[in-house]
file model-v6.cif (mmCIF, N, CA and C atoms)
data_upload
#
loop_
_atom_site.label_atom_id
_atom_site.label_comp_id
_atom_site.auth_asym_id
_atom_site.auth_seq_id
_atom_site.Cartn_x
_atom_site.Cartn_y
_atom_site.Cartn_z
N MET A 1201 -6.01 -5.24 -5.14
CA MET A 1201 -5.73 -5.37 -3.72
C MET A 1201 -7.06 -5.49 -2.99
N GLY A 1202 -7.20 -6.56 -2.26
CA GLY A 1202 -8.44 -6.78 -1.52
C GLY A 1202 -8.50 -5.98 -0.24
N ASN A 1203 -9.64 -6.01 0.40
CA ASN A 1203 -9.87 -5.25 1.62
C ASN A 1203 -9.03 -5.72 2.80
N GLU A 1204 -8.44 -6.90 2.71
CA GLU A 1204 -7.66 -7.43 3.82
C GLU A 1204 -6.19 -7.05 3.75
N HIS A 1205 -5.82 -6.16 2.85
CA HIS A 1205 -4.43 -5.76 2.69
C HIS A 1205 -4.16 -4.42 3.34
N VAL A 1206 -2.89 -4.06 3.43
CA VAL A 1206 -2.47 -2.95 4.28
C VAL A 1206 -3.08 -1.60 3.90
N ILE A 1207 -3.13 -1.24 2.63
CA ILE A 1207 -3.65 0.08 2.26
C ILE A 1207 -5.15 0.20 2.55
N PRO A 1208 -5.99 -0.75 2.09
CA PRO A 1208 -7.41 -0.63 2.43
C PRO A 1208 -7.67 -0.70 3.94
N GLN A 1209 -6.86 -1.49 4.66
CA GLN A 1209 -7.04 -1.59 6.11
C GLN A 1209 -6.72 -0.26 6.80
N LEU A 1210 -5.63 0.38 6.38
CA LEU A 1210 -5.28 1.67 6.98
C LEU A 1210 -6.34 2.72 6.68
N ILE A 1211 -6.84 2.74 5.46
CA ILE A 1211 -7.87 3.71 5.08
C ILE A 1211 -9.13 3.48 5.90
N ALA A 1212 -9.58 2.23 5.99
CA ALA A 1212 -10.80 1.91 6.73
C ALA A 1212 -10.64 2.26 8.21
N ARG A 1213 -9.49 1.93 8.78
CA ARG A 1213 -9.25 2.22 10.20
C ARG A 1213 -9.23 3.72 10.45
N LEU A 1214 -8.59 4.46 9.55
CA LEU A 1214 -8.53 5.91 9.72
C LEU A 1214 -9.93 6.53 9.58
N LEU A 1215 -10.70 6.06 8.62
CA LEU A 1215 -12.07 6.58 8.46
C LEU A 1215 -12.92 6.32 9.69
N SER A 1216 -12.79 5.12 10.26
CA SER A 1216 -13.62 4.80 11.42
C SER A 1216 -13.18 5.57 12.67
N LEU A 1217 -11.89 5.84 12.80
CA LEU A 1217 -11.39 6.55 13.97
C LEU A 1217 -11.51 8.06 13.84
N ALA A 1218 -11.53 8.57 12.63
CA ALA A 1218 -11.50 10.02 12.40
C ALA A 1218 -12.80 10.71 12.78
N SER A 1219 -13.91 10.00 12.73
CA SER A 1219 -15.18 10.66 13.03
C SER A 1219 -15.26 10.97 14.52
N GLY A 1220 -15.50 12.21 14.84
CA GLY A 1220 -15.67 12.62 16.22
C GLY A 1220 -14.38 12.84 16.98
N MET A 1221 -13.22 12.69 16.34
CA MET A 1221 -11.96 12.91 17.03
C MET A 1221 -11.47 14.33 16.79
N GLY A 1222 -10.51 14.73 17.56
CA GLY A 1222 -9.92 16.06 17.42
C GLY A 1222 -9.05 16.16 16.19
N ASP A 1223 -8.09 17.07 16.27
CA ASP A 1223 -7.21 17.31 15.13
C ASP A 1223 -6.31 16.13 14.79
N THR A 1224 -5.85 15.40 15.82
CA THR A 1224 -4.92 14.31 15.61
C THR A 1224 -5.58 12.98 15.98
N VAL A 1225 -5.49 12.03 15.07
CA VAL A 1225 -6.09 10.71 15.27
C VAL A 1225 -5.01 9.76 15.76
N GLN A 1226 -5.30 9.01 16.81
CA GLN A 1226 -4.42 7.95 17.30
C GLN A 1226 -4.70 6.72 16.45
N LEU A 1227 -3.78 6.37 15.57
CA LEU A 1227 -3.98 5.27 14.62
C LEU A 1227 -3.13 4.07 15.03
N PRO A 1228 -3.76 3.02 15.55
CA PRO A 1228 -2.99 1.83 15.90
C PRO A 1228 -2.61 1.04 14.64
N ILE A 1229 -1.39 0.52 14.63
CA ILE A 1229 -0.94 -0.33 13.53
C ILE A 1229 -0.28 -1.57 14.10
N GLN A 1230 -0.17 -2.59 13.28
CA GLN A 1230 0.54 -3.79 13.71
C GLN A 1230 2.04 -3.52 13.65
N GLY A 1231 2.76 -3.98 14.64
CA GLY A 1231 4.20 -3.78 14.65
C GLY A 1231 4.55 -2.36 15.05
N ASP A 1232 5.80 -1.99 14.80
CA ASP A 1232 6.26 -0.65 15.20
C ASP A 1232 6.32 0.33 14.03
N GLY A 1233 5.89 -0.11 12.85
CA GLY A 1233 5.88 0.77 11.68
C GLY A 1233 7.12 0.70 10.84
N SER A 1234 8.14 0.00 11.32
CA SER A 1234 9.38 -0.09 10.54
C SER A 1234 9.32 -1.20 9.49
N GLN A 1235 8.30 -2.04 9.57
CA GLN A 1235 8.15 -3.09 8.57
C GLN A 1235 7.91 -2.46 7.21
N THR A 1236 8.36 -3.13 6.16
CA THR A 1236 8.24 -2.56 4.82
C THR A 1236 7.44 -3.46 3.90
N ARG A 1237 6.90 -2.86 2.85
CA ARG A 1237 6.22 -3.56 1.78
C ARG A 1237 6.60 -2.86 0.48
N ALA A 1238 6.52 -3.60 -0.62
CA ALA A 1238 6.73 -3.01 -1.94
C ALA A 1238 5.36 -2.91 -2.62
N PHE A 1239 5.05 -1.74 -3.12
CA PHE A 1239 3.77 -1.50 -3.78
C PHE A 1239 4.01 -1.12 -5.23
N MET A 1240 3.00 -1.33 -6.05
CA MET A 1240 3.12 -1.04 -7.47
C MET A 1240 1.81 -0.42 -7.95
N TYR A 1241 1.92 0.63 -8.74
CA TYR A 1241 0.73 1.24 -9.32
C TYR A 1241 0.07 0.25 -10.28
N VAL A 1242 -1.24 0.23 -10.29
CA VAL A 1242 -1.97 -0.73 -11.12
C VAL A 1242 -1.67 -0.51 -12.60
N ASP A 1243 -1.47 0.74 -13.03
CA ASP A 1243 -1.13 0.99 -14.44
C ASP A 1243 0.21 0.36 -14.80
N ASP A 1244 1.18 0.44 -13.88
CA ASP A 1244 2.49 -0.17 -14.13
C ASP A 1244 2.37 -1.70 -14.19
N PHE A 1245 1.54 -2.25 -13.32
CA PHE A 1245 1.33 -3.70 -13.33
C PHE A 1245 0.68 -4.14 -14.64
N ALA A 1246 -0.33 -3.39 -15.08
CA ALA A 1246 -1.00 -3.73 -16.34
C ALA A 1246 -0.04 -3.64 -17.52
N GLU A 1247 0.79 -2.61 -17.54
CA GLU A 1247 1.78 -2.45 -18.62
C GLU A 1247 2.77 -3.61 -18.62
N ALA A 1248 3.25 -4.00 -17.45
CA ALA A 1248 4.19 -5.12 -17.35
C ALA A 1248 3.54 -6.43 -17.77
N THR A 1249 2.30 -6.63 -17.39
CA THR A 1249 1.58 -7.85 -17.76
C THR A 1249 1.41 -7.93 -19.27
N LEU A 1250 1.07 -6.81 -19.90
CA LEU A 1250 0.94 -6.80 -21.35
C LEU A 1250 2.27 -7.05 -22.03
N ALA A 1251 3.34 -6.49 -21.49
CA ALA A 1251 4.68 -6.73 -22.06
C ALA A 1251 5.02 -8.22 -22.01
N VAL A 1252 4.71 -8.87 -20.90
CA VAL A 1252 4.96 -10.32 -20.79
C VAL A 1252 4.08 -11.07 -21.77
N LEU A 1253 2.83 -10.68 -21.87
CA LEU A 1253 1.89 -11.36 -22.78
C LEU A 1253 2.36 -11.30 -24.22
N PHE A 1254 2.83 -10.13 -24.66
CA PHE A 1254 3.17 -9.95 -26.07
C PHE A 1254 4.63 -10.26 -26.41
N THR A 1255 5.52 -10.20 -25.43
CA THR A 1255 6.94 -10.43 -25.77
C THR A 1255 7.60 -11.52 -24.93
N GLY A 1256 6.89 -12.05 -23.96
CA GLY A 1256 7.47 -13.05 -23.09
C GLY A 1256 7.53 -14.43 -23.74
N GLU A 1257 8.34 -15.30 -23.13
CA GLU A 1257 8.45 -16.68 -23.60
C GLU A 1257 7.29 -17.51 -23.07
N HIS A 1258 6.86 -18.47 -23.83
CA HIS A 1258 5.80 -19.38 -23.41
C HIS A 1258 6.22 -20.09 -22.13
N ARG A 1259 5.38 -20.04 -21.12
CA ARG A 1259 5.60 -20.69 -19.82
C ARG A 1259 6.79 -20.11 -19.07
N GLY A 1260 7.22 -18.91 -19.45
CA GLY A 1260 8.32 -18.26 -18.75
C GLY A 1260 7.87 -17.76 -17.38
N ILE A 1261 8.80 -17.56 -16.51
CA ILE A 1261 8.52 -17.04 -15.17
C ILE A 1261 9.04 -15.62 -15.11
N TYR A 1262 8.18 -14.70 -14.68
CA TYR A 1262 8.53 -13.29 -14.66
C TYR A 1262 8.20 -12.68 -13.31
N HIS A 1263 9.06 -11.82 -12.85
CA HIS A 1263 8.79 -11.05 -11.64
C HIS A 1263 8.25 -9.70 -12.08
N VAL A 1264 7.01 -9.45 -11.76
CA VAL A 1264 6.38 -8.17 -12.07
C VAL A 1264 6.19 -7.45 -10.74
N GLY A 1265 7.06 -6.53 -10.45
CA GLY A 1265 6.99 -5.84 -9.18
C GLY A 1265 8.06 -4.78 -9.10
N THR A 1266 8.32 -4.37 -7.89
CA THR A 1266 9.31 -3.33 -7.65
C THR A 1266 10.12 -3.69 -6.42
N ASP A 1267 11.32 -3.19 -6.35
CA ASP A 1267 12.13 -3.42 -5.16
C ASP A 1267 12.17 -2.19 -4.27
N ALA A 1268 11.36 -1.19 -4.59
CA ALA A 1268 11.27 0.02 -3.77
C ALA A 1268 10.33 -0.24 -2.60
N GLU A 1269 10.90 -0.38 -1.42
CA GLU A 1269 10.10 -0.70 -0.24
C GLU A 1269 9.70 0.57 0.51
N VAL A 1270 8.52 0.53 1.10
CA VAL A 1270 7.97 1.65 1.85
C VAL A 1270 7.71 1.18 3.28
N ARG A 1271 8.16 1.97 4.26
CA ARG A 1271 7.87 1.64 5.65
C ARG A 1271 6.38 1.85 5.92
N ILE A 1272 5.78 0.96 6.70
CA ILE A 1272 4.35 1.05 7.00
C ILE A 1272 4.04 2.36 7.71
N ALA A 1273 4.91 2.83 8.59
CA ALA A 1273 4.68 4.11 9.26
C ALA A 1273 4.62 5.25 8.24
N ASP A 1274 5.52 5.25 7.27
CA ASP A 1274 5.51 6.29 6.23
C ASP A 1274 4.25 6.19 5.37
N LEU A 1275 3.84 4.96 5.06
CA LEU A 1275 2.62 4.75 4.28
C LEU A 1275 1.41 5.31 5.02
N ALA A 1276 1.32 5.02 6.32
CA ALA A 1276 0.20 5.52 7.12
C ALA A 1276 0.17 7.05 7.11
N MET A 1277 1.35 7.66 7.22
CA MET A 1277 1.43 9.13 7.20
C MET A 1277 0.99 9.68 5.83
N MET A 1278 1.39 9.01 4.75
CA MET A 1278 0.99 9.45 3.40
C MET A 1278 -0.52 9.35 3.23
N ILE A 1279 -1.10 8.24 3.67
CA ILE A 1279 -2.55 8.06 3.55
C ILE A 1279 -3.28 9.12 4.36
N ALA A 1280 -2.84 9.35 5.59
CA ALA A 1280 -3.48 10.37 6.43
C ALA A 1280 -3.38 11.74 5.79
N SER A 1281 -2.23 12.05 5.21
CA SER A 1281 -2.05 13.34 4.55
C SER A 1281 -3.02 13.50 3.38
N CYS A 1282 -3.16 12.44 2.59
CA CYS A 1282 -4.11 12.48 1.46
C CYS A 1282 -5.54 12.67 1.93
N MET A 1283 -5.83 12.19 3.13
CA MET A 1283 -7.19 12.32 3.68
C MET A 1283 -7.35 13.59 4.51
N GLY A 1284 -6.29 14.41 4.56
CA GLY A 1284 -6.37 15.67 5.30
C GLY A 1284 -6.40 15.48 6.81
N ARG A 1285 -5.78 14.43 7.31
CA ARG A 1285 -5.76 14.14 8.75
C ARG A 1285 -4.35 14.09 9.28
N ARG A 1286 -4.16 14.40 10.54
CA ARG A 1286 -2.91 14.22 11.24
C ARG A 1286 -3.06 12.98 12.11
N ILE A 1287 -2.02 12.14 12.15
CA ILE A 1287 -2.11 10.94 12.96
C ILE A 1287 -0.89 10.79 13.85
N GLU A 1288 -1.08 10.02 14.89
CA GLU A 1288 -0.01 9.52 15.73
C GLU A 1288 -0.15 8.01 15.74
N LEU A 1289 0.98 7.34 15.51
CA LEU A 1289 0.94 5.88 15.46
C LEU A 1289 1.21 5.31 16.83
#
call {"tool": "encode", "arguments": {"input": "model-v6.cif", "output": "structure tokens"}}
result
Amino acid sequence: MGNEHVIPQLIARLLSLASGMGDTVQLPIQGDGSQTRAFMYVDDFAEATLAVLFTGEHRGIYHVGTDAEVRIADLAMMIASCMGRRIEL
């Protein structure tokens, strides 16, 4: 995941806003936070890629992902919690 994607952007924004602020950080996000994305752990992605490599059909098309969607507002709250910060969106 590059720096232009949602998780690195939220982390960078929170780090830049958290310095010098009080207990609660006002964290602006795009949209109202109800938008969703599906994320996958890198270990799960690597395991799926290896499974396709060793057992998949030549030139086959495979969906390597998840259908478990996370609301951006919930993601922001999880990231803030991991960083020991309270936020308001």
call {"tool": "closest_residue", "arguments": {"input": "model-v6.cif", "among": "A:Val1264, A:Leu1289, A:Val1270, A:Ala1218", "to": "Val1242 of chain A", "atoms": "only C-alpha atoms"}}
result
A:Val1264
call {"tool": "select_by_dssp", "arguments": {"input": "model-v6.cif", "residues": "segment 1216-1288 of chain A", "states": "helix (DSSP H, G or I)", "output": "PyMOL selection string"}}
result
chain A and resi 1216-1218+1242-1255+1272-1282
call {"tool": "resolve_selection", "arguments": {"input": "model-v6.cif", "expression": "the PyMOL selection byres ((chain A and resi 1238) around 8)", "output": "list in words"}}
result
Thr1236, Arg1237, Phe1239, Met1240, Tyr1241, Gly1265, Thr1266, Asp1267, Ala1268, Glu1269, Val1270 and Arg1271 of chain A
call {"tool": "atom_distance", "arguments": {"input": "model-v6.cif", "atom1": "atom C of Ile1272 of chain A", "atom2": "atom N of Asp1223 of chain A"}}
result
20.9 Å
call {"tool": "closest_residue", "arguments": {"input": "model-v6.cif", "among": "A:Phe1245, A:Tyr1262, A:Gln1230, A:Leu1210", "to": "Ala1280 of chain A", "atoms": "only N, CA and C atoms"}}
result
A:Leu1210
call {"tool": "atom_distance", "arguments": {"input": "model-v6.cif", "atom1": "atom N of Asp1232 of chain A", "atom2": "atom CA of Arg1213 of chain A"}}
result
16.3 Å
call {"tool": "resolve_selection", "arguments": {"input": "model-v6.cif", "expression": "the PyMOL selection byres ((chain A and resi 1226-1229) around 6)", "output": "list in words"}}
result
Thr1224, Val1225, Gln1230, Gly1231, Ile1287, Glu1288 and Leu1289 of chain A
call {"tool": "atom_distance", "arguments": {"input": "model-v6.cif", "atom1": "atom C of Gln1209 of chain A", "atom2": "atom N of Met1277 of chain A"}}
result
11.3 Å
call {"tool": "select_by_dssp", "arguments": {"input": "model-v6.cif", "residues": "chain A", "states": "strand (DSSP E)", "output": "list in words"}}
result
Thr1224, Val1225, Gln1226, Thr1236, Arg1237, Ala1238, Glu1269, Val1270, Arg1271, Arg1286, Ile1287 and Glu1288 of chain A
call {"tool": "closest_residue", "arguments": {"input": "model-v6.cif", "among": "A:His1205, A:Asp1243, A:Gly1233, A:Ile1211", "to": "Ile1279 of chain A", "atoms": "only N, CA and C atoms"}}
result
A:Ile1211
call {"tool": "closest_residue", "arguments": {"input": "model-v6.cif", "among": "A:Glu1257, A:Asp1274, A:Arg1286, A:Glu1247", "to": "Ser1234 of chain A", "atoms": "all atoms listed in the file"}}
result
A:Asp1274
